[in-house]
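Student: Attaching a single structure in structure tokens format; questions to follow.
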Amino acid sequence: MRILSLGNSLETYLVIAALLFGLGVYGLLNRRTLIGLLISAELLLSGASLNFMAFGRFLAPDPTTGQIFTLFIMGIAAAEAAIALSIIIAVYRNYKSIDTEDLEELQG
Amino acid sequence: MSSLLTAEGLGGLLFLFIIAVTLAGGLLATNSVRLPRAVSGLAMCLIGVAGLYYYLNSPFLAAMEILIYVGAVCVTIVFAIMLADPCDEQRPGRQNALSSALSFGVAGLLVWGLVLLATTTMWPAAATKVNEGSVKVIGESLLTTYSMVFELISVVLLMAIIGALALARVGRDKQ
């Protein structure tokens with residue numbers, strides 16, 4: 001019954017975090033709308049915070065460090081989502097589209 | 001299969017279910033064409049991550065994950081979808097097979113490397129834990145050790161609110 005005690009090993013969480021991170025990278029490269037890119041970025045951030053939580057729980061001498069870092073990541077992610085969404089609304093108002101192919105003018 | 005009926009067995013089964021929810025939500029968030037479905041996938045994935053946090057001995061962070069991510073970020077994204085009205089599926093032939101395969105390859109390579117690194121490294125555990133990581137200890141260290149960061153992040157959030165309002169207001173007078 002080794003599979004039922006997966007929750008007690010560090011590697012399980014690291015593998016799940018790596019999969020979340022990979023899904024985020026795949027979405028960032030493959031998505032064509034700005035909101036899709038934002039969703040993938042949230043997946044990346046949650047993969048990173050899962051890593052922090054796992055290391056803080058299993059390895060760190062002070063288990064609060066990982067939790068507090070994850071709390072700050074959540075705050076930064078909320079701020080980032082608010083700013084990104086208002087930029088997306090502004091872009092939509094000017095270009096009538098949030099498709100990245102329609103925004104080639106912005107690539108500088 | 002009698003060990004399934006003990007507390008550890010049921011906890012292990014629930015853990016497997018939470019992993020499945022997380023990964024299925026992530027797949028839905030990155031692969032569905034319609035954006036509302038992708039946001040639902042993101043919410044599902046983040047609920048799964050909250051479950052994983054619960055298994056990592058921090059129910060406080062699990063509650064915060066659901067409150068902030070599912071309750072605030074996902075709902076804000078839904079509002080943006082309603083305001084911006086993206087129509088992803090109306091373009092024929094937009095999915096370039098080569099770029100899709102390339103991005104899958106890059107992401108797969110990254111995951112392979114990370115998993116290899118995670119499973120082959122010998123992680124040295126700390127000899128002693130100075131505390132048990134409870135909510136009380138988190139609150140105390142937020143107001144003592146990390147008080148500067150705590151204040152700074154509130155300033156960042158204030159700037160984000162003001163910036164979001166200013167950005168979303170630009171161009172509204174013209175119409």
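Starting from 1 in every chain, residues are counted up; chains themselves are A, B, ... following the order of the structure tokens, and ligands are numbered from 1 as listed.
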Write down, as a PyMOL selection string, each residue of chain B that has any atom within 7 Å of an atom of chain A, counting only C-alpha atoms.
Tutor: chain B and resi 9+12-13+15+26+30+35+42+55-56+61+73+80+84+86+100+103-104+107-108+110-111+114-115+118-119+124-126+128-133+138+157+160+163-164+167-168
Student: So that I can check the surroundings of Gly51 (chain B), please list as a short mmCIF file (atom, residue, chain, number, x, y, z; two decimals) with all heavy atoms, in the first residue's frame every protein, DNA and RNA residue that reaches within 9 Å of it, counting only C-alpha atoms and ignoring chain neighbours fewer than 2 positions away.
Tutor:
data_model
loop_
_atom_site.label_atom_id
_atom_site.label_comp_id
_atom_site.auth_asym_id
_atom_site.auth_seq_id
_atom_site.Cartn_x
_atom_site.Cartn_y
_atom_site.Cartn_z
N PHE B 15 -6.03 11.81 -1.16
CA PHE B 15 -4.86 12.50 -1.72
C PHE B 15 -4.72 12.22 -3.22
O PHE B 15 -4.48 13.14 -4.01
CB PHE B 15 -3.61 12.05 -0.96
CG PHE B 15 -2.37 12.78 -1.36
CD1 PHE B 15 -2.20 14.10 -0.99
CD2 PHE B 15 -1.39 12.16 -2.11
CE1 PHE B 15 -1.06 14.79 -1.35
CE2 PHE B 15 -0.26 12.85 -2.49
CZ PHE B 15 -0.09 14.16 -2.11
N ILE B 18 -7.22 14.24 -5.02
CA ILE B 18 -6.84 15.66 -5.10
C ILE B 18 -5.80 15.88 -6.19
O ILE B 18 -5.86 16.85 -6.95
CB ILE B 18 -6.34 16.14 -3.72
CG1 ILE B 18 -7.51 16.31 -2.78
CG2 ILE B 18 -5.60 17.45 -3.83
CD1 ILE B 18 -7.12 16.60 -1.38
N ILE B 19 -4.84 14.92 -6.30
CA ILE B 19 -3.85 15.03 -7.38
C ILE B 19 -4.54 15.00 -8.73
O ILE B 19 -4.24 15.81 -9.63
CB ILE B 19 -2.82 13.89 -7.27
CG1 ILE B 19 -1.99 14.01 -6.01
CG2 ILE B 19 -1.89 13.90 -8.47
CD1 ILE B 19 -1.03 12.89 -5.84
N THR B 22 -6.23 18.29 -9.43
CA THR B 22 -5.27 19.34 -9.76
C THR B 22 -4.81 19.22 -11.20
O THR B 22 -4.84 20.20 -11.97
CB THR B 22 -4.06 19.25 -8.83
OG1 THR B 22 -4.51 19.18 -7.50
CG2 THR B 22 -3.15 20.43 -9.00
N LEU B 46 -6.87 25.11 -8.79
CA LEU B 46 -6.46 25.81 -7.57
C LEU B 46 -7.13 25.21 -6.34
O LEU B 46 -6.54 25.20 -5.26
CB LEU B 46 -6.78 27.30 -7.70
CG LEU B 46 -5.95 27.98 -8.79
CD1 LEU B 46 -6.41 29.39 -9.00
CD2 LEU B 46 -4.49 27.96 -8.43
N ILE B 47 -8.35 24.69 -6.51
CA ILE B 47 -8.98 23.98 -5.38
C ILE B 47 -8.16 22.73 -5.05
O ILE B 47 -7.93 22.40 -3.88
CB ILE B 47 -10.43 23.63 -5.71
CG1 ILE B 47 -11.27 24.91 -5.71
CG2 ILE B 47 -11.02 22.65 -4.72
CD1 ILE B 47 -12.69 24.71 -6.15
N GLY B 48 -7.67 22.04 -6.11
CA GLY B 48 -6.81 20.89 -5.88
C GLY B 48 -5.53 21.28 -5.16
O GLY B 48 -5.08 20.58 -4.24
N VAL B 49 -4.93 22.42 -5.56
CA VAL B 49 -3.71 22.87 -4.90
C VAL B 49 -4.00 23.20 -3.43
O VAL B 49 -3.18 22.92 -2.55
CB VAL B 49 -3.13 24.09 -5.65
CG1 VAL B 49 -1.99 24.71 -4.88
CG2 VAL B 49 -2.63 23.66 -7.00
N TYR B 53 -2.19 21.77 -0.10
CA TYR B 53 -1.71 22.57 1.04
C TYR B 53 -2.23 21.99 2.35
O TYR B 53 -1.54 22.00 3.36
CB TYR B 53 -2.17 24.02 0.91
CG TYR B 53 -1.45 24.82 -0.14
CD1 TYR B 53 -1.87 26.10 -0.46
CD2 TYR B 53 -0.35 24.31 -0.80
CE1 TYR B 53 -1.22 26.84 -1.42
CE2 TYR B 53 0.29 25.04 -1.75
CZ TYR B 53 -0.14 26.30 -2.06
OH TYR B 53 0.50 27.04 -3.00
N TYR B 54 -3.48 21.51 2.32
CA TYR B 54 -4.03 20.91 3.53
C TYR B 54 -3.20 19.69 3.94
O TYR B 54 -2.92 19.49 5.12
CB TYR B 54 -5.49 20.52 3.29
CG TYR B 54 -6.22 20.23 4.55
CD1 TYR B 54 -6.77 21.26 5.28
CD2 TYR B 54 -6.34 18.94 5.02
CE1 TYR B 54 -7.43 21.01 6.47
CE2 TYR B 54 -7.00 18.68 6.20
CZ TYR B 54 -7.54 19.73 6.91
OH TYR B 54 -8.17 19.47 8.08
N TYR B 55 -2.80 18.90 2.94
CA TYR B 55 -1.97 17.73 3.25
C TYR B 55 -0.57 18.12 3.68
O TYR B 55 0.14 17.33 4.27
CB TYR B 55 -1.90 16.79 2.05
CG TYR B 55 -3.03 15.81 2.04
CD1 TYR B 55 -4.26 16.17 1.55
CD2 TYR B 55 -2.87 14.54 2.56
CE1 TYR B 55 -5.31 15.30 1.56
CE2 TYR B 55 -3.91 13.65 2.58
CZ TYR B 55 -5.14 14.03 2.09
OH TYR B 55 -6.16 13.16 2.12
N LEU B 56 -0.15 19.37 3.36
CA LEU B 56 1.16 19.84 3.81
C LEU B 56 1.06 20.53 5.16
O LEU B 56 1.88 21.39 5.48
CB LEU B 56 1.73 20.82 2.78
CG LEU B 56 2.31 20.18 1.52
CD1 LEU B 56 2.58 21.22 0.47
CD2 LEU B 56 3.57 19.45 1.86
N PRO B 59 -3.70 24.20 7.00
CA PRO B 59 -5.08 24.50 6.62
C PRO B 59 -5.32 25.99 6.41
O PRO B 59 -6.19 26.37 5.61
CB PRO B 59 -5.91 23.97 7.80
CG PRO B 59 -4.95 23.75 8.88
CD PRO B 59 -3.63 23.52 8.29
N ALA B 62 -4.50 26.71 2.89
CA ALA B 62 -5.54 26.14 2.02
C ALA B 62 -6.74 27.07 1.94
O ALA B 62 -7.27 27.34 0.86
CB ALA B 62 -5.95 24.76 2.54
#
Student: Can you work out the spacing between CA of Leu116 (chain B) and CA of Ala43 (chain B) in Å, to one decimal?
Tutor: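 Distance reported for this atom pair: 28.5 Å.
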Student: Mind pulling up the distance from CA of Leu28 (chain B) to CA of Val106 (chain B)?
Tutor: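 Distance reported for this atom pair: 19.1 Å.
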Student: Between CA of Phe60 (chain B) and CA of Val135 (chain B), what is the spacing in Å?
Tutor: 6.6 Å
